[in-house]
file data32.cif (mmCIF, C-alpha atoms)
data_protein
loop_
_atom_site.group_PDB
_atom_site.id
_atom_site.type_symbol
_atom_site.label_atom_id
_atom_site.label_comp_id
_atom_site.auth_asym_id
_atom_site.auth_seq_id
_atom_site.Cartn_x
_atom_site.Cartn_y
_atom_site.Cartn_z
ATOM 1 C CA MET A 65 140.444 -106.397 11.355
ATOM 2 C CA VAL A 66 137.440 -108.538 12.137
ATOM 3 C CA HIS A 67 134.089 -106.807 12.287
ATOM 4 C CA TRP A 68 131.804 -107.862 15.126
ATOM 5 C CA THR A 69 128.204 -106.751 15.307
ATOM 6 C CA ALA A 70 126.902 -105.657 18.698
ATOM 7 C CA GLU A 71 124.763 -108.790 18.792
ATOM 8 C CA GLU A 72 127.734 -111.084 18.123
ATOM 9 C CA LYS A 73 129.755 -109.418 20.867
ATOM 10 C CA GLN A 74 126.855 -109.771 23.266
ATOM 11 C CA LEU A 75 126.348 -113.448 22.434
ATOM 12 C CA ILE A 76 130.048 -114.149 22.925
ATOM 13 C CA THR A 77 130.539 -112.262 26.177
ATOM 14 C CA SER A 78 127.310 -113.420 27.791
ATOM 15 C CA VAL A 79 128.158 -117.094 27.147
ATOM 16 C CA TRP A 80 131.751 -116.570 28.286
ATOM 17 C CA SER A 81 130.655 -114.965 31.557
ATOM 18 C CA LYS A 82 128.949 -118.229 32.498
ATOM 19 C CA VAL A 83 131.798 -120.550 31.463
ATOM 20 C CA ASN A 84 133.753 -122.368 34.156
ATOM 21 C CA VAL A 85 137.127 -122.052 32.468
ATOM 22 C CA GLU A 86 138.760 -124.836 34.448
ATOM 23 C CA GLU A 87 136.004 -127.403 33.820
ATOM 24 C CA CYS A 88 135.284 -126.398 30.251
ATOM 25 C CA GLY A 89 138.953 -126.260 29.307
ATOM 26 C CA ALA A 90 139.666 -129.661 30.811
ATOM 27 C CA GLU A 91 136.641 -131.164 29.069
ATOM 28 C CA ALA A 92 137.436 -129.624 25.693
ATOM 29 C CA LEU A 93 141.034 -130.842 25.673
ATOM 30 C CA ALA A 94 140.046 -134.305 26.922
ATOM 31 C CA ARG A 95 137.415 -134.622 24.196
ATOM 32 C CA LEU A 96 139.927 -133.509 21.559
ATOM 33 C CA LEU A 97 142.310 -136.283 22.642
ATOM 34 C CA ILE A 98 139.486 -138.851 22.827
ATOM 35 C CA VAL A 99 137.550 -138.024 19.654
ATOM 36 C CA TYR A 100 140.678 -137.383 17.537
ATOM 37 C CA PRO A 101 143.269 -139.693 19.097
ATOM 38 C CA TRP A 102 145.995 -138.646 16.687
ATOM 39 C CA THR A 103 146.100 -135.296 18.500
ATOM 40 C CA GLN A 104 147.745 -137.172 21.378
ATOM 41 C CA ARG A 105 150.953 -136.899 19.372
ATOM 42 C CA PHE A 106 151.615 -133.539 21.035
ATOM 43 C CA PHE A 107 151.204 -134.865 24.542
ATOM 44 C CA ALA A 108 153.498 -137.885 24.769
ATOM 45 C CA SER A 109 154.891 -136.535 28.049
ATOM 46 C CA PHE A 110 151.489 -136.287 29.708
ATOM 47 C CA GLY A 111 151.463 -139.812 31.114
ATOM 48 C CA ASN A 112 148.466 -142.122 30.929
ATOM 49 C CA LEU A 113 146.321 -141.402 27.859
ATOM 50 C CA SER A 114 145.372 -145.031 27.281
ATOM 51 C CA SER A 115 141.593 -144.727 27.586
ATOM 52 C CA PRO A 116 138.839 -142.077 27.684
ATOM 53 C CA THR A 117 138.673 -142.513 31.474
ATOM 54 C CA ALA A 118 142.430 -142.125 31.809
ATOM 55 C CA ILE A 119 142.408 -139.020 29.608
ATOM 56 C CA THR A 120 139.478 -137.384 31.404
ATOM 57 C CA GLY A 121 141.083 -137.978 34.798
ATOM 58 C CA ASN A 122 144.622 -137.087 33.764
ATOM 59 C CA PRO A 123 145.673 -134.068 35.868
ATOM 60 C CA ARG A 124 148.071 -132.793 33.216
ATOM 61 C CA VAL A 125 145.315 -132.841 30.623
ATOM 62 C CA ARG A 126 143.048 -130.932 32.991
ATOM 63 C CA ALA A 127 145.720 -128.366 33.797
ATOM 64 C CA HIS A 128 146.643 -127.858 30.178
ATOM 65 C CA GLY A 129 143.000 -127.598 29.133
ATOM 66 C CA ARG A 130 142.543 -124.856 31.690
ATOM 67 C CA LYS A 131 145.638 -123.059 30.410
ATOM 68 C CA VAL A 132 144.418 -123.210 26.811
ATOM 69 C CA LEU A 133 140.922 -121.973 27.602
ATOM 70 C CA THR A 134 142.260 -119.194 29.839
ATOM 71 C CA SER A 135 144.272 -118.028 26.856
ATOM 72 C CA PHE A 136 141.108 -118.212 24.769
ATOM 73 C CA GLY A 137 139.597 -115.773 27.237
ATOM 74 C CA GLU A 138 142.115 -113.208 26.022
ATOM 75 C CA ALA A 139 140.405 -113.306 22.634
ATOM 76 C CA VAL A 140 137.037 -112.646 24.258
ATOM 77 C CA LYS A 141 138.539 -109.707 26.156
ATOM 78 C CA ASN A 142 140.189 -108.328 23.020
ATOM 79 C CA LEU A 143 137.705 -109.060 20.255
ATOM 80 C CA ASP A 144 138.900 -106.077 18.239
ATOM 81 C CA ASN A 145 142.537 -107.059 18.490
ATOM 82 C CA ILE A 146 142.769 -110.823 18.253
ATOM 83 C CA LYS A 147 145.569 -110.843 15.674
ATOM 84 C CA SER A 148 148.073 -109.056 17.908
ATOM 85 C CA THR A 149 146.831 -110.823 21.041
ATOM 86 C CA TYR A 150 148.013 -114.156 19.585
ATOM 87 C CA SER A 151 151.082 -112.985 17.686
ATOM 88 C CA LYS A 152 153.611 -114.458 20.118
ATOM 89 C CA LEU A 153 151.567 -117.628 20.697
ATOM 90 C CA SER A 154 151.421 -118.143 16.946
ATOM 91 C CA GLU A 155 155.206 -118.054 16.715
ATOM 92 C CA LEU A 156 155.439 -120.438 19.657
ATOM 93 C CA HIS A 157 153.047 -122.973 18.102
ATOM 94 C CA CYS A 158 155.019 -122.887 14.863
ATOM 95 C CA ASP A 159 158.634 -122.684 15.974
ATOM 96 C CA LYS A 160 158.644 -124.567 19.259
ATOM 97 C CA LEU A 161 155.508 -126.694 19.430
ATOM 98 C CA HIS A 162 155.247 -127.599 15.702
ATOM 99 C CA VAL A 163 151.459 -127.887 15.798
ATOM 100 C CA ASP A 164 149.574 -128.251 12.498
ATOM 101 C CA PRO A 165 147.041 -125.371 12.457
ATOM 102 C CA GLU A 166 144.324 -127.864 11.533
ATOM 103 C CA ASN A 167 144.392 -128.769 15.220
ATOM 104 C CA PHE A 168 143.235 -125.254 16.141
ATOM 105 C CA ARG A 169 140.144 -125.810 14.004
ATOM 106 C CA LEU A 170 139.524 -129.211 15.567
ATOM 107 C CA LEU A 171 139.787 -127.818 19.104
ATOM 108 C CA GLY A 172 137.575 -124.855 18.202
ATOM 109 C CA ASP A 173 134.811 -127.175 17.000
ATOM 110 C CA ILE A 174 135.166 -129.364 20.090
ATOM 111 C CA LEU A 175 134.825 -126.265 22.275
ATOM 112 C CA ILE A 176 131.598 -125.407 20.461
ATOM 113 C CA ILE A 177 130.223 -128.882 21.144
ATOM 114 C CA VAL A 178 131.166 -128.589 24.829
ATOM 115 C CA LEU A 179 129.385 -125.214 25.003
ATOM 116 C CA ALA A 180 126.332 -126.763 23.312
ATOM 117 C CA SER A 181 126.228 -129.534 25.887
ATOM 118 C CA HIS A 182 126.565 -127.078 28.792
ATOM 119 C CA PHE A 183 124.167 -124.406 27.593
ATOM 120 C CA ALA A 184 121.682 -126.690 25.781
ATOM 121 C CA ARG A 185 118.740 -124.734 24.321
ATOM 122 C CA ASP A 186 120.432 -121.433 25.251
ATOM 123 C CA PHE A 187 123.183 -122.242 22.758
ATOM 124 C CA THR A 188 120.983 -121.184 19.878
ATOM 125 C CA PRO A 189 121.974 -121.273 16.209
ATOM 126 C CA ALA A 190 122.686 -117.520 16.458
ATOM 127 C CA CYS A 191 124.933 -118.172 19.424
ATOM 128 C CA GLN A 192 126.721 -120.932 17.561
ATOM 129 C CA PHE A 193 127.251 -118.608 14.602
ATOM 130 C CA ALA A 194 128.993 -115.994 16.753
ATOM 131 C CA TRP A 195 131.152 -118.617 18.430
ATOM 132 C CA GLN A 196 132.058 -120.373 15.146
ATOM 133 C CA LYS A 197 133.204 -116.980 13.934
ATOM 134 C CA LEU A 198 135.270 -116.475 17.089
ATOM 135 C CA VAL A 199 136.966 -119.887 17.033
ATOM 136 C CA GLY A 200 137.683 -119.353 13.342
ATOM 137 C CA VAL A 201 139.286 -115.979 14.018
ATOM 138 C CA VAL A 202 141.361 -117.417 16.871
ATOM 139 C CA ALA A 203 142.505 -120.354 14.723
ATOM 140 C CA HIS A 204 143.449 -117.953 11.955
ATOM 141 C CA ALA A 205 145.373 -115.691 14.343
ATOM 142 C CA LEU A 206 147.273 -118.647 15.769
ATOM 143 C CA ALA A 207 148.240 -119.785 12.277
ATOM 144 C CA ARG A 208 149.149 -116.329 11.053
ATOM 145 C CA LYS A 209 152.842 -116.320 12.015
ATOM 146 C CA TYR A 210 153.560 -119.756 10.564
ATOM 147 C CA HIS A 211 156.356 -119.943 8.069
ATOM 148 C CA MET B 245 137.697 -146.388 9.661
ATOM 149 C CA THR B 246 135.611 -149.207 11.089
ATOM 150 C CA LEU B 247 133.431 -148.930 14.153
ATOM 151 C CA THR B 248 134.247 -151.156 17.124
ATOM 152 C CA GLN B 249 131.469 -153.135 18.777
ATOM 153 C CA ALA B 250 131.467 -150.672 21.677
ATOM 154 C CA GLU B 251 131.148 -147.736 19.302
ATOM 155 C CA LYS B 252 128.283 -149.386 17.421
ATOM 156 C CA ALA B 253 126.522 -150.003 20.735
ATOM 157 C CA ALA B 254 126.981 -146.351 21.763
ATOM 158 C CA VAL B 255 125.524 -145.157 18.445
ATOM 159 C CA VAL B 256 122.521 -147.470 18.662
ATOM 160 C CA THR B 257 121.768 -146.583 22.298
ATOM 161 C CA ILE B 258 121.679 -142.838 21.753
ATOM 162 C CA TRP B 259 119.700 -143.256 18.534
ATOM 163 C CA ALA B 260 116.952 -144.996 20.473
ATOM 164 C CA LYS B 261 116.570 -141.798 22.524
ATOM 165 C CA MET B 262 116.904 -139.519 19.512
ATOM 166 C CA ALA B 263 114.417 -141.372 17.355
ATOM 167 C CA THR B 264 111.366 -139.786 18.994
ATOM 168 C CA GLN B 265 112.717 -136.287 18.343
ATOM 169 C CA ALA B 266 114.446 -137.100 15.076
ATOM 170 C CA ASP B 267 112.479 -134.600 12.999
ATOM 171 C CA ALA B 268 113.151 -131.727 15.384
ATOM 172 C CA ILE B 269 116.831 -132.657 15.637
ATOM 173 C CA GLY B 270 117.041 -132.751 11.849
ATOM 174 C CA ALA B 271 115.455 -129.331 11.468
ATOM 175 C CA GLU B 272 117.647 -127.854 14.215
ATOM 176 C CA SER B 273 120.804 -129.305 12.675
ATOM 177 C CA LEU B 274 119.985 -127.788 9.309
ATOM 178 C CA GLU B 275 119.160 -124.467 10.946
ATOM 179 C CA ARG B 276 122.566 -124.519 12.657
ATOM 180 C CA LEU B 277 124.225 -125.455 9.355
ATOM 181 C CA PHE B 278 122.659 -122.654 7.332
ATOM 182 C CA SER B 279 123.234 -120.128 10.113
ATOM 183 C CA SER B 280 126.885 -120.954 10.897
ATOM 184 C CA TYR B 281 127.906 -121.834 7.331
ATOM 185 C CA PRO B 282 125.819 -119.646 5.009
ATOM 186 C CA GLN B 283 127.614 -121.021 1.956
ATOM 187 C CA THR B 284 125.691 -124.282 2.463
ATOM 188 C CA LYS B 285 122.486 -122.464 1.515
ATOM 189 C CA THR B 286 123.714 -122.444 -2.076
ATOM 190 C CA TYR B 287 122.450 -126.016 -2.381
ATOM 191 C CA PHE B 288 118.910 -124.950 -1.522
ATOM 192 C CA PRO B 289 118.015 -121.935 -3.664
ATOM 193 C CA HIS B 290 114.575 -123.451 -4.170
ATOM 194 C CA PHE B 291 113.839 -123.750 -0.440
ATOM 195 C CA ASP B 292 112.243 -121.498 2.126
ATOM 196 C CA LEU B 293 114.945 -121.711 4.790
ATOM 197 C CA SER B 294 113.330 -119.496 7.414
ATOM 198 C CA GLN B 295 113.036 -120.897 10.910
ATOM 199 C CA GLY B 296 110.111 -123.277 11.224
ATOM 200 C CA SER B 297 109.620 -123.594 7.481
ATOM 201 C CA GLY B 298 107.843 -126.761 6.358
ATOM 202 C CA GLN B 299 110.557 -127.448 3.797
ATOM 203 C CA LEU B 300 113.259 -127.205 6.459
ATOM 204 C CA ARG B 301 111.426 -129.646 8.701
ATOM 205 C CA GLY B 302 110.727 -131.957 5.790
ATOM 206 C CA HIS B 303 114.325 -132.025 4.688
ATOM 207 C CA GLY B 304 115.562 -132.452 8.246
ATOM 208 C CA SER B 305 113.318 -135.516 8.500
ATOM 209 C CA LYS B 306 114.721 -136.941 5.289
ATOM 210 C CA VAL B 307 118.278 -136.571 6.557
ATOM 211 C CA MET B 308 117.489 -138.121 9.951
ATOM 212 C CA ASN B 309 115.576 -141.012 8.356
ATOM 213 C CA ALA B 310 118.646 -141.834 6.307
ATOM 214 C CA ILE B 311 120.793 -141.699 9.425
ATOM 215 C CA GLY B 312 118.276 -143.984 11.112
ATOM 216 C CA GLU B 313 118.670 -146.464 8.261
ATOM 217 C CA ALA B 314 122.417 -146.363 8.696
ATOM 218 C CA VAL B 315 121.985 -147.049 12.427
ATOM 219 C CA LYS B 316 119.598 -149.934 11.719
ATOM 220 C CA HIS B 317 122.124 -151.451 9.320
ATOM 221 C CA ILE B 318 125.218 -150.346 11.152
ATOM 222 C CA ASP B 319 127.111 -153.451 10.043
ATOM 223 C CA ASP B 320 126.491 -152.585 6.407
ATOM 224 C CA ILE B 321 126.161 -148.829 6.037
ATOM 225 C CA ARG B 322 127.384 -149.040 2.462
ATOM 226 C CA GLY B 323 124.551 -151.387 1.517
ATOM 227 C CA ALA B 324 121.936 -149.405 3.407
ATOM 228 C CA LEU B 325 122.879 -146.092 1.762
ATOM 229 C CA ALA B 326 123.815 -147.363 -1.727
ATOM 230 C CA LYS B 327 121.005 -145.484 -3.465
ATOM 231 C CA LEU B 328 121.686 -142.288 -1.515
ATOM 232 C CA SER B 329 125.343 -142.605 -2.379
ATOM 233 C CA GLU B 330 124.496 -142.640 -6.090
ATOM 234 C CA LEU B 331 122.081 -139.741 -5.661
ATOM 235 C CA HIS B 332 124.772 -137.600 -4.069
ATOM 236 C CA ALA B 333 127.410 -138.606 -6.620
ATOM 237 C CA TYR B 334 125.464 -138.134 -9.829
ATOM 238 C CA ILE B 335 122.596 -135.771 -9.086
ATOM 239 C CA LEU B 336 123.175 -133.696 -5.955
ATOM 240 C CA ARG B 337 126.982 -133.457 -6.083
ATOM 241 C CA VAL B 338 127.244 -131.694 -2.759
ATOM 242 C CA ASP B 339 130.911 -130.847 -2.202
ATOM 243 C CA PRO B 340 132.407 -133.356 0.254
ATOM 244 C CA VAL B 341 133.509 -130.653 2.688
ATOM 245 C CA ASN B 342 129.868 -129.996 3.570
ATOM 246 C CA PHE B 343 129.328 -133.421 5.089
ATOM 247 C CA LYS B 344 131.772 -132.495 7.853
ATOM 248 C CA LEU B 345 129.908 -129.251 8.469
ATOM 249 C CA LEU B 346 126.513 -130.961 8.741
ATOM 250 C CA SER B 347 127.952 -133.723 10.934
ATOM 251 C CA HIS B 348 129.324 -131.066 13.292
ATOM 252 C CA CYS B 349 125.920 -129.365 13.488
ATOM 253 C CA ILE B 350 124.176 -132.680 14.169
ATOM 254 C CA LEU B 351 126.624 -133.292 17.023
ATOM 255 C CA CYS B 352 125.846 -129.810 18.409
ATOM 256 C CA SER B 353 122.113 -130.507 18.330
ATOM 257 C CA VAL B 354 122.534 -133.889 20.009
ATOM 258 C CA ALA B 355 124.888 -132.441 22.655
ATOM 259 C CA ALA B 356 122.419 -129.659 23.398
ATOM 260 C CA ARG B 357 119.485 -132.060 23.786
ATOM 261 C CA TYR B 358 121.153 -134.952 25.607
ATOM 262 C CA PRO B 359 124.042 -133.418 27.554
ATOM 263 C CA SER B 360 124.299 -136.122 30.197
ATOM 264 C CA ASP B 361 124.226 -138.919 27.616
ATOM 265 C CA PHE B 362 126.727 -137.213 25.343
ATOM 266 C CA THR B 363 129.823 -138.474 27.135
ATOM 267 C CA PRO B 364 133.246 -138.232 25.459
ATOM 268 C CA GLU B 365 132.951 -141.907 24.415
ATOM 269 C CA VAL B 366 129.520 -141.377 22.867
ATOM 270 C CA HIS B 367 130.790 -138.181 21.211
ATOM 271 C CA ALA B 368 133.708 -140.081 19.691
ATOM 272 C CA ALA B 369 131.471 -142.920 18.491
ATOM 273 C CA TRP B 370 128.995 -140.552 16.839
ATOM 274 C CA ASP B 371 131.724 -138.460 15.240
ATOM 275 C CA LYS B 372 133.191 -141.629 13.769
ATOM 276 C CA PHE B 373 129.773 -142.954 12.697
ATOM 277 C CA LEU B 374 128.806 -139.725 10.917
ATOM 278 C CA SER B 375 132.238 -139.696 9.312
ATOM 279 C CA SER B 376 131.542 -143.231 8.070
ATOM 280 C CA VAL B 377 128.161 -142.191 6.681
ATOM 281 C CA SER B 378 129.784 -139.196 4.964
ATOM 282 C CA SER B 379 132.424 -141.468 3.438
ATOM 283 C CA VAL B 380 129.790 -143.776 2.013
ATOM 284 C CA LEU B 381 127.819 -140.860 0.575
ATOM 285 C CA THR B 382 130.862 -139.443 -1.213
ATOM 286 C CA GLU B 383 132.632 -142.621 -2.275
ATOM 287 C CA LYS B 384 131.149 -142.718 -5.797
ATOM 288 C CA TYR B 385 132.023 -139.091 -6.566
ATOM 289 C CA ARG B 386 134.948 -140.087 -8.756
#
call {"tool": "encode", "arguments": {"input": "data32.cif", "output": "structure tokens"}}
result
Amino acid sequence: MVHWTAEEKQLITSVWSKVNVEECGAEALARLLIVYPWTQRFFASFGNLSSPTAITGNPRVRAHGRKVLTSFGEAVKNLDNIKSTYSKLSELHCDKLHVDPENFRLLGDILIIVLASHFARDFTPACQFAWQKLVGVVAHALARKYH
Amino acid sequence: MTLTQAEKAAVVTIWAKMATQADAIGAESLERLFSSYPQTKTYFPHFDLSQGSGQLRGHGSKVMNAIGEAVKHIDDIRGALAKLSELHAYILRVDPVNFKLLSHCILCSVAARYPSDFTPEVHAAWDKFLSSVSSVLTEKYR
């Protein structure tokens, strides 16, 4: 089980409370597809991904980004139980979606950059530390059921 | 991985803004690195790494100056950083994985300071540029 200090929990929940999940999720997924274009391999059915503008405006990207970040919110709500929170999703990503877990790390780091750009000076190094820990734990939980 | 003309332009444009705060960005990036990835401190046992330390600022400046050189010679990063490449290969021998970590922290610092300029396209260009710089610095390792 992951150990969170009171400070880490506070830094995570206070940032999360100010996150617009729809906007942030859409932006994080769009940036993933733009900065690391090979990640588009999982989204062939999403339509027009031919340029950064197309990706940013793509309604399926936006909707899926929101879905992914909403799920991320479950981790924030269950910091002491992240492993079991993502057990089924881990199986899904392995057995049905066939996603290389490296992509979880890539998306986690992109999310951190999006948070940095939204919260600016408030996203202090201490804040980043807590969030790097969280995205790492989530990535690990999502990879845990792979076989 | 070669940078397109558009990507080079994006890198150069943002650098012009960053240049005035380069030292502070360098120090902040290192602070983020040592805080989020404590294992990176193992390369600096001889440093005072506390916030605001003169050594931290000094080293941050060094790193950003080198990046500035790469920007200035963006068509020949390999040539511009040849000496640094040898330094890292034969003397410093920083494990290659750490270049990704520092690049990520630099991107965080830039995103935090220039949110409206840090569009997805600029983000992609800088990620690629820093990846290029990292490649050059590790290419003589073996």
call {"tool": "atom_distance", "arguments": {"input": "data32.cif", "atom1": "CA of Ile311 (chain B)", "atom2": "CA of Val366 (chain B)"}}
result
16.0 Å
call {"tool": "interface_residues", "arguments": {"input": "data32.cif", "of": "chain A", "to": "chain B", "cutoff": "9 Å", "atoms": "all atoms listed in the file", "output": "ChimeraX atom specification"}}
result
/A:91,94-95,98-100,116,120,173,176-190,192-197
call {"tool": "residues_around", "arguments": {"input": "data32.cif", "residues": "Ala324 (chain B)", "least_positions_apart": "3", "cutoff": "8 Å", "atoms": "all atoms listed in the file", "output": "ChimeraX atom specification"}}
result
/B:313-314,317,320-321,327
call {"tool": "write_last_selection", "arguments": {"input": "data32.cif", "atoms": "C-alpha atoms", "output": "compact mmCIF listing (two decimals), in the coordinates of the input"}}
result
# COMPACT_ATOMS: atom_id res chain seq x y z
CA GLU B 313 118.67 -146.46 8.26
CA ALA B 314 122.42 -146.36 8.70
CA HIS B 317 122.12 -151.45 9.32
CA ASP B 320 126.49 -152.58 6.41
CA ILE B 321 126.16 -148.83 6.04
CA LYS B 327 121.00 -145.48 -3.46
call {"tool": "resolve_selection", "arguments": {"input": "data32.cif", "expression": "the PyMOL selection byres ((chain A and resi 170) around 10)", "output": "number ranges by chain"}}
result
A: 96, 99-100, 103, 165-169, 171-175, 199, 203
call {"tool": "resolve_selection", "arguments": {"input": "data32.cif", "expression": "the PyMOL selection byres ((chain A and resi 129-141) around 7)", "output": "PyMOL selection string"}}
result
chain A and resi 77+85-86+89-90+92-93+125-128+142-143+146
call {"tool": "closest_residue", "arguments": {"input": "data32.cif", "among": "B:Ala310, B:Ala271, B:Leu381, B:Val315", "to": "Thr257 (chain B)", "atoms": "only C-alpha atoms"}}
result
B:Val315
call {"tool": "atom_distance", "arguments": {"input": "data32.cif", "atom1": "CA of Ala207 (chain A)", "atom2": "CA of Val163 (chain A)"}}
result
9.4 Å
call {"tool": "atom_distance", "arguments": {"input": "data32.cif", "atom1": "CA of Val380 (chain B)", "atom2": "CA of Ala253 (chain B)"}}
result
20.0 Å
call {"tool": "closest_residue", "arguments": {"input": "data32.cif", "among": "A:Cys88, A:Phe106, A:Gln74, A:Ser81", "to": "Lys160 (chain A)", "atoms": "all atoms listed in the file"}}
result
A:Phe106
call {"tool": "axis_aligned_box", "arguments": {"input": "data32.cif", "around": "region 282-300 of chain B", "padding_each_side": "5 Å", "output": "JSON"}}
result
{"center_x": 117.7, "center_y": -123.5, "center_z": 3.5, "size_x": 29.8, "size_y": 18.0, "size_z": 25.4}
call {"tool": "closest_residue", "arguments": {"input": "data32.cif", "among": "B:Met262, B:Ser297, B:Arg322, B:Glu383", "to": "Asp339 (chain B)", "atoms": "only C-alpha atoms"}}
result
B:Glu383
call {"tool": "closest_residue", "arguments": {"input": "data32.cif", "among": "B:Glu330, B:Ile318, B:Leu336, B:Ser379", "to": "Gln249 (chain B)", "atoms": "only C-alpha atoms"}}
result
B:Ile318
call {"tool": "closest_residue", "arguments": {"input": "data32.cif", "among": "B:Val377, B:Thr246, B:Leu345, B:Ala266", "to": "Gly302 (chain B)", "atoms": "all atoms listed in the file"}}
result
B:Ala266
call {"tool": "resolve_selection", "arguments": {"input": "data32.cif", "expression": "the PyMOL selection byres ((chain A and resi 206) around 9)", "output": "list of chain:residue names"}}
result
A:Lys147, A:Tyr150, A:Ser151, A:Lys152, A:Leu153, A:Ser154, A:Glu155, A:His157, A:Cys158, A:Pro165, A:Phe168, A:Val201, A:Val202, A:Ala203, A:His204, A:Ala205, A:Ala207, A:Arg208, A:Lys209, A:Tyr210
call {"tool": "closest_residue", "arguments": {"input": "data32.cif", "among": "A:Glu71, A:His211, A:Leu198, A:Trp102", "to": "Leu156 (chain A)", "atoms": "all atoms listed in the file"}}
result
A:His211
call {"tool": "residues_around", "arguments": {"input": "data32.cif", "residues": "Ser375 (chain B)", "least_positions_apart": "6", "cutoff": "9 Å", "atoms": "all atoms listed in the file", "output": "list in words"}}
result
Met245, Phe343, Lys344 and Ser347 of chain B
call {"tool": "residues_around", "arguments": {"input": "data32.cif", "residues": "Met308 (chain B)", "least_positions_apart": "6", "cutoff": "8 Å", "atoms": "only C-alpha atoms", "output": "ChimeraX atom specification"}}
result
/B:266-267,269-270
